[in-house]
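Printed here is run.pdb (PDB, C-alpha atoms and all ligand atoms):
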```
ATOM      1  CA  MET A 184     -23.633  21.854 -22.594
ATOM      2  CA  SER A 185     -21.246  19.659 -20.621
ATOM      3  CA  ALA A 186     -17.743  20.917 -19.905
ATOM      4  CA  PHE A 187     -16.116  17.595 -20.754
ATOM      5  CA  SER A 188     -17.088  14.199 -22.121
ATOM      6  CA  ILE A 189     -16.420  10.838 -20.442
ATOM      7  CA  LEU A 190     -14.968   7.736 -22.083
ATOM      8  CA  LEU A 191     -14.788   4.320 -20.422
ATOM      9  CA  ALA A 192     -12.073   1.744 -21.089
ATOM     10  CA  SER A 193     -13.065  -1.738 -22.153
ATOM     11  CA  PRO A 194     -12.278  -4.151 -20.649
ATOM     12  CA  ARG A 195     -11.810  -2.686 -17.187
ATOM     13  CA  GLY A 196     -12.174  -3.847 -13.608
ATOM     14  CA  PHE A 197     -12.503  -7.386 -12.312
ATOM     15  CA  CYS A 198     -10.484 -10.056 -14.111
ATOM     16  CA  ALA A 199     -11.302 -13.770 -14.088
ATOM     17  CA  GLY A 200      -8.786 -14.484 -11.306
ATOM     18  CA  VAL A 201     -10.264 -11.832  -9.020
ATOM     19  CA  VAL A 202     -13.819 -12.977  -9.708
ATOM     20  CA  ARG A 203     -12.732 -16.497  -8.781
ATOM     21  CA  ALA A 204     -10.963 -15.414  -5.593
ATOM     22  CA  ILE A 205     -13.965 -13.417  -4.360
ATOM     23  CA  ALA A 206     -16.364 -16.223  -5.311
ATOM     24  CA  THR A 207     -14.137 -18.652  -3.401
ATOM     25  CA  VAL A 208     -14.462 -16.648  -0.175
ATOM     26  CA  ARG A 209     -18.233 -16.229  -0.623
ATOM     27  CA  LEU A 210     -18.701 -19.941  -1.345
ATOM     28  CA  CYS A 211     -16.598 -20.884   1.666
ATOM     29  CA  LEU A 212     -18.752 -18.686   3.905
ATOM     30  CA  GLN A 213     -21.911 -20.201   2.420
ATOM     31  CA  GLU A 214     -20.778 -23.785   2.799
ATOM     32  CA  HIS A 215     -18.869 -23.597   6.081
ATOM     33  CA  GLY A 216     -20.149 -20.461   7.792
ATOM     34  CA  ALA A 217     -18.155 -17.613   9.336
ATOM     35  CA  PRO A 218     -15.416 -16.968  10.058
ATOM     36  CA  ALA A 219     -13.416 -17.761   6.930
ATOM     37  CA  PHE A 220      -9.802 -16.782   7.497
ATOM     38  CA  VAL A 221      -7.953 -15.359   4.523
ATOM     39  CA  LEU A 222      -4.181 -15.119   4.564
ATOM     40  CA  HIS A 223      -3.329 -11.553   3.464
ATOM     41  CA  GLU A 224      -5.631  -9.500   1.251
ATOM     42  CA  ILE A 225      -7.620 -11.809  -1.029
ATOM     43  CA  VAL A 226      -7.202  -9.159  -3.759
ATOM     44  CA  HIS A 227      -5.694  -5.688  -3.496
ATOM     45  CA  ASN A 228      -8.794  -3.570  -3.116
ATOM     46  CA  ARG A 229      -9.965  -2.153   0.174
ATOM     47  CA  HIS A 230     -13.628  -1.936  -0.885
ATOM     48  CA  VAL A 231     -13.667  -5.643  -1.727
ATOM     49  CA  LEU A 232     -12.025  -6.452   1.613
ATOM     50  CA  ARG A 233     -14.563  -4.425   3.631
ATOM     51  CA  GLU A 234     -17.443  -6.116   1.798
ATOM     52  CA  LEU A 235     -16.106  -9.619   2.466
ATOM     53  CA  GLU A 236     -15.384  -8.719   6.084
ATOM     54  CA  SER A 237     -19.019  -7.724   6.506
ATOM     55  CA  LEU A 238     -19.948 -11.256   5.377
ATOM     56  CA  GLY A 239     -17.621 -12.948   7.869
ATOM     57  CA  ALA A 240     -14.203 -13.084   6.207
ATOM     58  CA  VAL A 241     -11.261 -12.385   8.521
ATOM     59  CA  PHE A 242      -8.038 -11.223   6.898
ATOM     60  CA  VAL A 243      -4.926 -12.269   8.811
ATOM     61  CA  GLY A 244      -1.265 -11.454   8.345
ATOM     62  CA  SER A 245       0.007 -14.779   9.652
ATOM     63  CA  LEU A 246      -1.129 -18.398   9.832
ATOM     64  CA  ALA A 247      -0.518 -18.249  13.572
ATOM     65  CA  ASP A 248      -3.573 -15.973  13.842
ATOM     66  CA  ILE A 249      -5.875 -18.817  12.746
ATOM     67  CA  PRO A 250      -7.143 -21.313  15.337
ATOM     68  CA  ALA A 251      -6.296 -25.005  14.722
ATOM     69  CA  GLY A 252      -8.930 -26.651  12.560
ATOM     70  CA  GLY A 253      -9.900 -23.279  11.052
ATOM     71  CA  ILE A 254     -10.277 -22.742   7.334
ATOM     72  CA  CYS A 255      -7.551 -20.700   5.672
ATOM     73  CA  ILE A 256      -7.974 -19.310   2.166
ATOM     74  CA  PHE A 257      -4.826 -18.433   0.236
ATOM     75  CA  SER A 258      -5.169 -15.215  -1.762
ATOM     76  CA  ALA A 259      -5.229 -14.825  -5.566
ATOM     77  CA  HIS A 260      -1.529 -13.867  -5.480
ATOM     78  CA  GLY A 261      -0.398 -17.356  -4.425
ATOM     79  CA  VAL A 262       1.802 -18.473  -1.550
ATOM     80  CA  PRO A 263       5.260 -19.994  -1.061
ATOM     81  CA  LYS A 264       5.476 -23.760  -0.519
ATOM     82  CA  SER A 265       6.569 -23.150   3.079
ATOM     83  CA  THR A 266       3.195 -21.506   3.793
ATOM     84  CA  GLU A 267       1.330 -24.571   2.557
ATOM     85  CA  MET A 268       3.523 -26.787   4.726
ATOM     86  CA  GLN A 269       3.109 -24.597   7.796
ATOM     87  CA  ALA A 270      -0.684 -24.567   7.367
ATOM     88  CA  LYS A 271      -0.645 -28.367   7.328
ATOM     89  CA  LYS A 272       1.524 -28.472  10.432
ATOM     90  CA  LEU A 273      -0.857 -26.128  12.253
ATOM     91  CA  GLY A 274      -3.802 -28.375  11.399
ATOM     92  CA  LEU A 275      -5.535 -25.811   9.204
ATOM     93  CA  ARG A 276      -7.910 -26.712   6.405
ATOM     94  CA  THR A 277      -6.885 -24.777   3.317
ATOM     95  CA  ILE A 278      -8.559 -23.490   0.179
ATOM     96  CA  ASP A 279      -6.255 -22.240  -2.531
ATOM     97  CA  ALA A 280      -7.656 -19.179  -4.332
ATOM     98  CA  THR A 281      -4.389 -18.609  -6.203
ATOM     99  CA  CYS A 282      -5.289 -17.395  -9.689
ATOM    100  CA  PRO A 283      -4.791 -20.327 -12.087
ATOM    101  CA  LEU A 284      -2.555 -18.092 -14.213
ATOM    102  CA  VAL A 285      -0.292 -17.392 -11.249
ATOM    103  CA  ALA A 286      -0.342 -21.099 -10.408
ATOM    104  CA  SER A 287       0.850 -21.851 -13.948
ATOM    105  CA  VAL A 288       3.839 -19.539 -13.367
ATOM    106  CA  HIS A 289       4.551 -21.548 -10.185
ATOM    107  CA  LYS A 290       4.602 -24.706 -12.304
ATOM    108  CA  ILE A 291       7.103 -23.186 -14.724
ATOM    109  CA  VAL A 292       9.340 -22.138 -11.808
ATOM    110  CA  GLU A 293       9.168 -25.622 -10.276
ATOM    111  CA  LYS A 294       9.752 -27.372 -13.613
ATOM    112  CA  TYR A 295      12.889 -25.433 -14.576
ATOM    113  CA  HIS A 296      14.232 -25.516 -11.042
ATOM    114  CA  GLY A 297      13.750 -29.286 -10.992
ATOM    115  CA  GLU A 298      15.849 -29.477 -14.176
ATOM    116  CA  GLY A 299      18.702 -27.640 -12.468
ATOM    117  CA  TYR A 300      18.061 -24.120 -13.769
ATOM    118  CA  ASP A 301      18.570 -20.896 -11.831
ATOM    119  CA  ILE A 302      15.261 -19.017 -11.822
ATOM    120  CA  ILE A 303      15.027 -15.277 -12.412
ATOM    121  CA  ILE A 304      11.709 -13.647 -11.559
ATOM    122  CA  ILE A 305      11.185 -10.199 -13.048
ATOM    123  CA  GLY A 306       8.901  -8.385 -10.640
ATOM    124  CA  HIS A 307       8.473  -6.274  -7.554
ATOM    125  CA  ARG A 308      10.378  -7.901  -4.713
ATOM    126  CA  HIS A 309       7.844  -7.417  -1.920
ATOM    127  CA  HIS A 310       4.704  -8.085  -3.926
ATOM    128  CA  PRO A 311       2.952 -11.224  -2.609
ATOM    129  CA  GLU A 312       2.780 -12.747  -6.092
ATOM    130  CA  VAL A 313       6.555 -12.519  -6.444
ATOM    131  CA  GLU A 314       7.149 -13.785  -2.902
ATOM    132  CA  GLY A 315       4.814 -16.700  -3.624
ATOM    133  CA  ALA A 316       6.497 -17.605  -6.930
ATOM    134  CA  ALA A 317      10.006 -17.279  -5.472
ATOM    135  CA  GLY A 318       8.972 -19.413  -2.522
ATOM    136  CA  ARG A 319       7.957 -22.354  -4.691
ATOM    137  CA  VAL A 320      11.629 -23.385  -4.687
ATOM    138  CA  GLU A 321      14.275 -23.244  -2.000
ATOM    139  CA  ASN A 322      17.361 -21.939  -3.745
ATOM    140  CA  ARG A 323      18.729 -20.702  -7.078
ATOM    141  CA  VAL A 324      15.927 -18.130  -7.333
ATOM    142  CA  HIS A 325      16.562 -14.429  -7.935
ATOM    143  CA  VAL A 326      14.166 -11.500  -8.096
ATOM    144  CA  VAL A 327      15.134  -8.801 -10.571
ATOM    145  CA  ALA A 328      13.260  -5.498 -10.401
ATOM    146  CA  SER A 329      15.336  -3.203 -12.601
ATOM    147  CA  GLU A 330      17.826  -3.092 -15.475
ATOM    148  CA  ASP A 331      20.558  -2.445 -12.928
ATOM    149  CA  GLU A 332      19.702  -5.606 -11.072
ATOM    150  CA  ALA A 333      19.557  -7.530 -14.362
ATOM    151  CA  GLU A 334      23.151  -6.427 -15.063
ATOM    152  CA  ASN A 335      24.328  -7.602 -11.665
ATOM    153  CA  VAL A 336      22.355 -10.726 -10.834
ATOM    154  CA  MET A 337      24.695 -13.650 -10.089
ATOM    155  CA  VAL A 338      23.632 -17.178 -11.001
ATOM    156  CA  GLU A 339      25.197 -20.578 -10.360
ATOM    157  CA  ASN A 340      25.394 -21.631 -14.006
ATOM    158  CA  PRO A 341      24.976 -18.902 -16.674
ATOM    159  CA  GLY A 342      24.223 -21.649 -19.229
ATOM    160  CA  LYS A 343      21.127 -22.781 -17.296
ATOM    161  CA  VAL A 344      18.910 -19.826 -16.484
ATOM    162  CA  ALA A 345      15.126 -19.576 -16.853
ATOM    163  CA  CYS A 346      13.052 -16.449 -16.466
ATOM    164  CA  VAL A 347       9.430 -15.734 -15.544
ATOM    165  CA  THR A 348       7.705 -12.427 -14.923
ATOM    166  CA  GLN A 349       5.071 -11.160 -12.517
ATOM    167  CA  THR A 350       1.697 -11.377 -14.279
ATOM    168  CA  THR A 351       0.752  -7.736 -13.701
ATOM    169  CA  LEU A 352       3.731  -5.899 -15.189
ATOM    170  CA  SER A 353       3.738  -3.970 -18.460
ATOM    171  CA  HIS A 354       5.792  -4.787 -21.539
ATOM    172  CA  GLU A 355       7.448  -1.357 -21.293
ATOM    173  CA  GLU A 356       8.623  -2.272 -17.813
ATOM    174  CA  ILE A 357      10.191  -5.621 -18.682
ATOM    175  CA  SER A 358      11.540  -5.238 -22.214
ATOM    176  CA  GLY A 359      14.842  -3.573 -21.183
ATOM    177  CA  ILE A 360      15.367  -6.087 -18.378
ATOM    178  CA  ARG A 361      14.703  -9.037 -20.712
ATOM    179  CA  GLU A 362      17.143  -7.643 -23.250
ATOM    180  CA  ILE A 363      19.932  -7.456 -20.664
ATOM    181  CA  LEU A 364      19.184 -10.967 -19.401
ATOM    182  CA  ARG A 365      19.212 -12.331 -22.958
ATOM    183  CA  ARG A 366      22.572 -10.692 -23.581
ATOM    184  CA  ARG A 367      24.049 -12.001 -20.353
ATOM    185  CA  PHE A 368      22.455 -15.465 -20.632
ATOM    186  CA  PRO A 369      22.128 -16.345 -24.341
ATOM    187  CA  HIS A 370      20.482 -19.693 -23.489
ATOM    188  CA  LEU A 371      17.816 -18.017 -21.341
ATOM    189  CA  ARG A 372      14.636 -20.142 -21.122
ATOM    190  CA  GLY A 373      11.051 -19.138 -20.453
ATOM    191  CA  GLN A 374       8.417 -17.140 -22.309
ATOM    192  CA  GLU A 375       8.947 -13.545 -23.384
ATOM    193  CA  SER A 376       6.648 -12.586 -20.505
ATOM    194  CA  ASN A 377       4.011 -14.073 -18.214
ATOM    195  CA  ILE A 378       1.889 -10.926 -18.261
ATOM    196  CA  CYS A 379      -1.647 -12.320 -18.172
ATOM    197  CA  PHE A 380      -4.361 -11.694 -20.745
ATOM    198  CA  ALA A 381      -6.355  -9.507 -18.340
ATOM    199  CA  THR A 382      -3.396  -7.254 -17.569
ATOM    200  CA  GLY A 383      -2.553  -6.976 -21.276
ATOM    201  CA  ASN A 384      -6.141  -6.217 -22.320
ATOM    202  CA  ARG A 385      -6.578  -3.490 -19.676
ATOM    203  CA  GLN A 386      -3.281  -1.866 -20.652
ATOM    204  CA  ASN A 387      -4.132  -1.964 -24.367
ATOM    205  CA  SER A 388      -7.468  -0.345 -23.645
ATOM    206  CA  VAL A 389      -5.768   2.437 -21.656
ATOM    207  CA  ARG A 390      -3.407   3.080 -24.573
ATOM    208  CA  LEU A 391      -6.451   3.523 -26.840
ATOM    209  CA  LEU A 392      -8.210   5.664 -24.258
ATOM    210  CA  ALA A 393      -5.139   7.865 -23.817
ATOM    211  CA  ARG A 394      -5.187   8.728 -27.531
ATOM    212  CA  GLN A 395      -8.669  10.181 -27.100
ATOM    213  CA  CYS A 396      -8.501  11.828 -23.645
ATOM    214  CA  ASP A 397      -6.619  14.599 -21.840
ATOM    215  CA  SER A 398      -6.869  12.951 -18.447
ATOM    216  CA  ILE A 399      -7.465   9.425 -17.114
ATOM    217  CA  TYR A 400      -8.703   8.157 -13.762
ATOM    218  CA  VAL A 401      -7.659   4.637 -12.820
ATOM    219  CA  VAL A 402      -9.903   3.215 -10.124
ATOM    220  CA  GLY A 403      -7.832   0.943  -7.892
ATOM    221  CA  SER A 404      -6.064   0.737  -4.565
ATOM    222  CA  LYS A 405      -2.540   2.052  -4.092
ATOM    223  CA  ASN A 406      -1.115  -1.426  -3.419
ATOM    224  CA  SER A 407      -2.662  -2.901  -6.572
ATOM    225  CA  SER A 408       0.187  -3.671  -8.975
ATOM    226  CA  ASN A 409      -1.923  -3.828 -12.126
ATOM    227  CA  SER A 410      -3.717  -0.559 -11.252
ATOM    228  CA  ASN A 411      -0.376   1.211 -10.839
ATOM    229  CA  ARG A 412       0.729  -0.132 -14.213
ATOM    230  CA  LEU A 413      -2.461   1.254 -15.830
ATOM    231  CA  LYS A 414      -1.622   4.681 -14.452
ATOM    232  CA  GLU A 415       1.953   4.393 -15.759
ATOM    233  CA  VAL A 416       0.794   3.260 -19.199
ATOM    234  CA  ALA A 417      -1.536   6.277 -19.398
ATOM    235  CA  LYS A 418       1.196   8.659 -18.245
ATOM    236  CA  ASN A 419       3.692   7.173 -20.683
ATOM    237  CA  SER A 420       1.181   8.037 -23.398
ATOM    238  CA  GLY A 421       1.723  11.677 -22.474
ATOM    239  CA  ILE A 422      -1.437  12.557 -20.565
ATOM    240  CA  GLN A 423      -2.187  13.120 -16.901
ATOM    241  CA  ALA A 424      -3.394  10.072 -14.986
ATOM    242  CA  PHE A 425      -4.555   9.568 -11.406
ATOM    243  CA  LEU A 426      -4.957   6.421  -9.329
ATOM    244  CA  ILE A 427      -8.034   6.766  -7.125
ATOM    245  CA  ASP A 428      -9.558   4.367  -4.628
ATOM    246  CA  ASP A 429     -12.967   5.890  -5.272
ATOM    247  CA  TYR A 430     -14.581   9.200  -6.279
ATOM    248  CA  HIS A 431     -13.652  10.811  -2.946
ATOM    249  CA  ASP A 432     -10.035  10.976  -4.195
ATOM    250  CA  ILE A 433     -10.926  13.190  -7.175
ATOM    251  CA  ASP A 434      -9.580  16.713  -6.978
ATOM    252  CA  LEU A 435     -11.802  18.834  -9.231
ATOM    253  CA  GLY A 436      -8.893  21.189  -9.871
ATOM    254  CA  GLN A 437      -7.407  18.380 -11.997
ATOM    255  CA  LEU A 438     -10.222  18.854 -14.508
ATOM    256  CA  ALA A 439      -9.454  22.476 -15.378
ATOM    257  CA  GLY A 440      -9.215  22.810 -19.156
ATOM    258  CA  VAL A 441      -9.892  19.129 -19.752
ATOM    259  CA  THR A 442     -12.280  18.300 -22.601
ATOM    260  CA  ARG A 443     -12.324  14.509 -22.423
ATOM    261  CA  VAL A 444     -11.872  12.343 -19.334
ATOM    262  CA  GLY A 445     -11.142   8.621 -19.500
ATOM    263  CA  ILE A 446     -11.935   6.117 -16.779
ATOM    264  CA  THR A 447     -10.596   2.623 -16.279
ATOM    265  CA  ALA A 448     -10.321   0.281 -13.313
ATOM    266  CA  GLY A 449      -7.689  -2.164 -12.115
ATOM    267  CA  ALA A 450      -8.390  -5.893 -12.129
ATOM    268  CA  SER A 451      -9.417  -5.856  -8.462
ATOM    269  CA  ALA A 452     -11.713  -2.798  -8.537
ATOM    270  CA  PRO A 453     -15.500  -3.351  -8.537
ATOM    271  CA  GLU A 454     -17.586  -1.780 -11.321
ATOM    272  CA  ARG A 455     -19.798   0.037  -8.811
ATOM    273  CA  LEU A 456     -16.798   2.266  -7.965
ATOM    274  CA  VAL A 457     -16.515   3.211 -11.646
ATOM    275  CA  GLU A 458     -20.226   4.013 -11.699
ATOM    276  CA  ASP A 459     -19.762   6.252  -8.634
ATOM    277  CA  VAL A 460     -16.911   8.074 -10.400
ATOM    278  CA  VAL A 461     -19.067   8.599 -13.491
ATOM    279  CA  ARG A 462     -21.932   9.996 -11.389
ATOM    280  CA  PHE A 463     -19.548  12.286  -9.513
ATOM    281  CA  LEU A 464     -18.001  13.608 -12.735
ATOM    282  CA  GLN A 465     -21.428  14.120 -14.284
ATOM    283  CA  ALA A 466     -22.448  16.150 -11.240
ATOM    284  CA  HIS A 467     -19.422  18.373 -11.942
ATOM    285  CA  GLY A 468     -19.708  19.110 -15.648
ATOM    286  CA  GLY A 469     -19.253  15.690 -17.254
ATOM    287  CA  GLY A 470     -21.447  14.562 -20.163
ATOM    288  CA  GLU A 471     -22.786  11.143 -21.023
ATOM    289  CA  ALA A 472     -20.347   8.271 -20.442
ATOM    290  CA  ARG A 473     -19.494   6.214 -23.516
ATOM    291  CA  GLY A 474     -17.507   2.972 -23.611
ATOM    292  CA  ILE A 475     -14.752   2.544 -26.195
ATOM    293  CA  GLU A 476     -14.498  -0.705 -28.134
ATOM    294  CA  GLY A 477     -12.354  -3.445 -26.717
ATOM    295  CA  VAL A 478     -11.899  -7.199 -26.624
ATOM    296  CA  GLU A 479     -14.487  -9.307 -24.888
ATOM    297  CA  GLU A 480     -13.013 -11.555 -22.192
ATOM    298  CA  LYS A 481     -14.599 -14.990 -22.088
ATOM    299  CA  ILE A 482     -12.253 -16.750 -19.670
ATOM    300  CA  ARG A 483     -13.981 -17.899 -16.464
ATOM    301  CA  PHE A 484     -12.552 -19.904 -13.560
ATOM    302  CA  GLN A 485     -14.532 -22.038 -11.125
ATOM    303  CA  PRO A 486     -14.204 -21.054  -7.461
ATOM    304  CA  ALA A 487     -11.994 -23.275  -5.306
ATOM    305  CA  ARG A 488     -13.553 -25.235  -2.443
ATOM    306  CA  LEU A 489     -12.319 -27.260   0.473
ATOM    307  CA  GLU A 490     -13.024 -30.664  -1.015
ATOM    308  CA  GLY A 491     -12.325 -29.739  -4.639
ATOM    309  CA  PRO A 492      -8.999 -29.289  -6.416
ATOM    310  CA  GLY A 493      -7.250 -26.276  -4.954
ATOM    311  CA  ARG A 494      -5.592 -25.390  -8.193
ATOM    312  CA  VAL A 495      -7.374 -25.234 -11.530
ATOM    313  CA  CYS A 496      -4.660 -25.069 -14.102
TER     314      CYS A 496
HETATM  315  S1  LIG A 501      -4.551 -10.044 -13.095
HETATM  316 FE1  LIG A 501      -4.266 -11.901 -14.308
HETATM  317  S2  LIG A 501      -2.965 -13.239 -13.056
HETATM  318 FE2  LIG A 501      -3.801 -11.633 -11.697
HETATM  319  S3  LIG A 501      -5.654 -12.532 -10.841
HETATM  320 FE3  LIG A 501      -6.268 -11.410 -12.685
HETATM  321  S4  LIG A 501      -6.256 -12.974 -14.333
HETATM  322 FE4  LIG A 501      -5.090 -13.786 -12.604
END
```
Starting from the coordinates I provided, produce the structure as structure tokens.
Amino acid sequence: MSAFSILLASPRGFCAGVVRAIATVRLCLQEHGAPAFVLHEIVHNRHVLRELESLGAVFVGSLADIPAGGICIFSAHGVPKSTEMQAKKLGLRTIDATCPLVASVHKIVEKYHGEGYDIIIIGHRHHPEVEGAAGRVENRVHVVASEDEAENVMVENPGKVACVTQTTLSHEEISGIREILRRRFPHLRGQESNICFATGNRQNSVRLLARQCDSIYVVGSKNSSNSNRLKEVAKNSGIQAFLIDDYHDIDLGQLAGVTRVGITAGASAPERLVEDVVRFLQAHGGGEARGIEGVEEKIRFQPARLEGPGRVC
């Protein structure tokens, strides 16, 4: 008899934006050969990065690291306008793998800013998605990461404020901040949140999983925002949760007394890592793995290419 059973979240792992970003790099390598330079991490998962590197992708921290005439792919998180302009100036050919859902947040930022609004972005200040969204406009843009900051943010005209959120936050994380902003700026514009469907679906599935498990493993890298949120959502449900890059990070001591283990994966974590975790757990007392019911995601995005439209929105 197995010591514990294993339940799998559904949906889990790759979202449509990540699939598109990875497909964009692969297509670029196929059509134009190696190297394909990618500004920053195409998605926040070290296994995905190593795999693409083995095919000829080169991840760079700065546009200056790319030779003139080289191809530069912008990551799924999006980039500031200044990066696009600098790439042009340096004579780089660019492919924009910004997730279309992030690009739609950029459009909202640009639209309200163009109408004279101050923009408040609820999100993590140094996350590339937030830096990219904030950098779509030159001024009157404020990043708010906490309720404290929401209380203190200073805007030019309190009657003209619009708000967007990072796509990978959780509702728990933003509801208090939104409430403060609404109190301070009664005419606040913008949607309740810009949390994307994939983030929402993975979090809902973890909430369901947490009701049935004593412990949850979230497969994802430490710098993956949505993976961290999955861990938080599980913990907020009152159970233990661990963020692991792969099965090597599992400490078997964590399984003492556990009867049901749940597994999910962040939007940038490949399914094969989940399969490895399942095999590892089964080798250490786990039973058959069973998926819980969840929504089926049908959204697909076409990869971006050099000659095609960079943004599919
Ligand atoms: S998590 Fe959402 S916004 Fe981010 S890449 Fe995936 S689909 Fe796009």
For chain A against ligand LIG 501 (chain A), with a cut-off of 6 Å and counting all atoms listed in the file, what is the closest atom pair and its distance in Å to one decimal for every residue that makes the cut, ordered by chain and number, as CSV?
```
residue,atom,partner,partner_atom,distance
A:Cys198,CA,A:LIG501,FE3,4.7
A:Ala199,CA,A:LIG501,S4,5.1
A:Gly200,CA,A:LIG501,S3,3.7
A:Val201,CA,A:LIG501,S3,5.0
A:Ala259,CA,A:LIG501,S3,5.8
A:Cys282,CA,A:LIG501,FE4,4.6
A:Leu284,CA,A:LIG501,S2,5.0
A:Val285,CA,A:LIG501,S2,5.3
A:Thr350,CA,A:LIG501,S2,5.2
A:Thr351,CA,A:LIG501,S1,5.8
A:Cys379,CA,A:LIG501,FE1,4.7
A:Ala381,CA,A:LIG501,FE1,5.1
A:Thr382,CA,A:LIG501,S1,5.4
A:Ala450,CA,A:LIG501,S1,5.7
```
Given the selection you just returned, output its residues as a file containing C-alpha atoms, formatted as a PDB file, in the frame of the given file.
```pdb
ATOM      1  CA  CYS A 198     -10.484 -10.056 -14.111  1.00  0.00           C
ATOM      2  CA  ALA A 199     -11.302 -13.770 -14.088  1.00  0.00           C
ATOM      3  CA  GLY A 200      -8.786 -14.484 -11.306  1.00  0.00           C
ATOM      4  CA  VAL A 201     -10.264 -11.832  -9.020  1.00  0.00           C
ATOM      5  CA  ALA A 259      -5.229 -14.825  -5.566  1.00  0.00           C
ATOM      6  CA  CYS A 282      -5.289 -17.395  -9.689  1.00  0.00           C
ATOM      7  CA  LEU A 284      -2.555 -18.092 -14.213  1.00  0.00           C
ATOM      8  CA  VAL A 285      -0.292 -17.392 -11.249  1.00  0.00           C
ATOM      9  CA  THR A 350       1.697 -11.377 -14.279  1.00  0.00           C
ATOM     10  CA  THR A 351       0.752  -7.736 -13.701  1.00  0.00           C
ATOM     11  CA  CYS A 379      -1.647 -12.320 -18.172  1.00  0.00           C
ATOM     12  CA  ALA A 381      -6.355  -9.507 -18.340  1.00  0.00           C
ATOM     13  CA  THR A 382      -3.396  -7.254 -17.569  1.00  0.00           C
ATOM     14  CA  ALA A 450      -8.390  -5.893 -12.129  1.00  0.00           C
TER      15      ALA A 450
END
```
Show me the residues close to (9.9, -17.7, -15.0) - anything with an atom within 12 Å, counting all atoms listed in the file - and format the list as a JSON list (two decimals) with C-alpha atoms, keeping the file's coordinate frame.
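The file below, point.json, is the result:
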```json
[["chain", "number", "residue", "atom", "x", "y", "z"],
["A", 285, "VAL", "CA", -0.29, -17.39, -11.25],
["A", 286, "ALA", "CA", -0.34, -21.10, -10.41],
["A", 287, "SER", "CA", 0.85, -21.85, -13.95],
["A", 288, "VAL", "CA", 3.84, -19.54, -13.37],
["A", 289, "HIS", "CA", 4.55, -21.55, -10.18],
["A", 290, "LYS", "CA", 4.60, -24.71, -12.30],
["A", 291, "ILE", "CA", 7.10, -23.19, -14.72],
["A", 292, "VAL", "CA", 9.34, -22.14, -11.81],
["A", 293, "GLU", "CA", 9.17, -25.62, -10.28],
["A", 294, "LYS", "CA", 9.75, -27.37, -13.61],
["A", 295, "TYR", "CA", 12.89, -25.43, -14.58],
["A", 296, "HIS", "CA", 14.23, -25.52, -11.04],
["A", 300, "TYR", "CA", 18.06, -24.12, -13.77],
["A", 301, "ASP", "CA", 18.57, -20.90, -11.83],
["A", 302, "ILE", "CA", 15.26, -19.02, -11.82],
["A", 303, "ILE", "CA", 15.03, -15.28, -12.41],
["A", 304, "ILE", "CA", 11.71, -13.65, -11.56],
["A", 305, "ILE", "CA", 11.18, -10.20, -13.05],
["A", 306, "GLY", "CA", 8.90, -8.38, -10.64],
["A", 313, "VAL", "CA", 6.56, -12.52, -6.44],
["A", 316, "ALA", "CA", 6.50, -17.60, -6.93],
["A", 317, "ALA", "CA", 10.01, -17.28, -5.47],
["A", 319, "ARG", "CA", 7.96, -22.35, -4.69],
["A", 320, "VAL", "CA", 11.63, -23.38, -4.69],
["A", 324, "VAL", "CA", 15.93, -18.13, -7.33],
["A", 325, "HIS", "CA", 16.56, -14.43, -7.94],
["A", 326, "VAL", "CA", 14.17, -11.50, -8.10],
["A", 327, "VAL", "CA", 15.13, -8.80, -10.57],
["A", 344, "VAL", "CA", 18.91, -19.83, -16.48],
["A", 345, "ALA", "CA", 15.13, -19.58, -16.85],
["A", 346, "CYS", "CA", 13.05, -16.45, -16.47],
["A", 347, "VAL", "CA", 9.43, -15.73, -15.54],
["A", 348, "THR", "CA", 7.70, -12.43, -14.92],
["A", 349, "GLN", "CA", 5.07, -11.16, -12.52],
["A", 350, "THR", "CA", 1.70, -11.38, -14.28],
["A", 361, "ARG", "CA", 14.70, -9.04, -20.71],
["A", 371, "LEU", "CA", 17.82, -18.02, -21.34],
["A", 372, "ARG", "CA", 14.64, -20.14, -21.12],
["A", 373, "GLY", "CA", 11.05, -19.14, -20.45],
["A", 374, "GLN", "CA", 8.42, -17.14, -22.31],
["A", 375, "GLU", "CA", 8.95, -13.54, -23.38],
["A", 376, "SER", "CA", 6.65, -12.59, -20.50],
["A", 377, "ASN", "CA", 4.01, -14.07, -18.21],
["A", 378, "ILE", "CA", 1.89, -10.93, -18.26]]
```
**Selection result of the PyMOL selection byres (((chain A and resi 230) around 10) and not hetatm) on this file, as a count of residues only** = 17
**Item:** Shortest interatomic distance to Pro263 of chain A - which of A:Glu458, A:Lys343, A:Thr281, A:Ala487, counting all atoms listed in the file
**Value:** A:Thr281
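If you look at atom CA of Ile363 of chain A and atom CA of Glu334 of chain A, they are 6.5 Å away from each other.
Using only C-alpha atoms, the contacts of His215 of chain A at a cut-off of 12 Å, with sequence neighbours closer than 6 positions omitted, comprise Thr207, Val208, Arg209, Gly239, Ala240, Gly253, Ile254, Cys255, Arg276, Ile278, Arg488, Leu489 and Glu490 of chain A.
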Prev. selection, C-alpha atoms, output as a tab-separated table (two decimals), in the frame of the given file:
```tsv
chain	number	residue	atom	x	y	z
A	207	THR	CA	-14.14	-18.65	-3.40
A	208	VAL	CA	-14.46	-16.65	-0.18
A	209	ARG	CA	-18.23	-16.23	-0.62
A	239	GLY	CA	-17.62	-12.95	7.87
A	240	ALA	CA	-14.20	-13.08	6.21
A	253	GLY	CA	-9.90	-23.28	11.05
A	254	ILE	CA	-10.28	-22.74	7.33
A	255	CYS	CA	-7.55	-20.70	5.67
A	276	ARG	CA	-7.91	-26.71	6.40
A	278	ILE	CA	-8.56	-23.49	0.18
A	488	ARG	CA	-13.55	-25.24	-2.44
A	489	LEU	CA	-12.32	-27.26	0.47
A	490	GLU	CA	-13.02	-30.66	-1.01
```
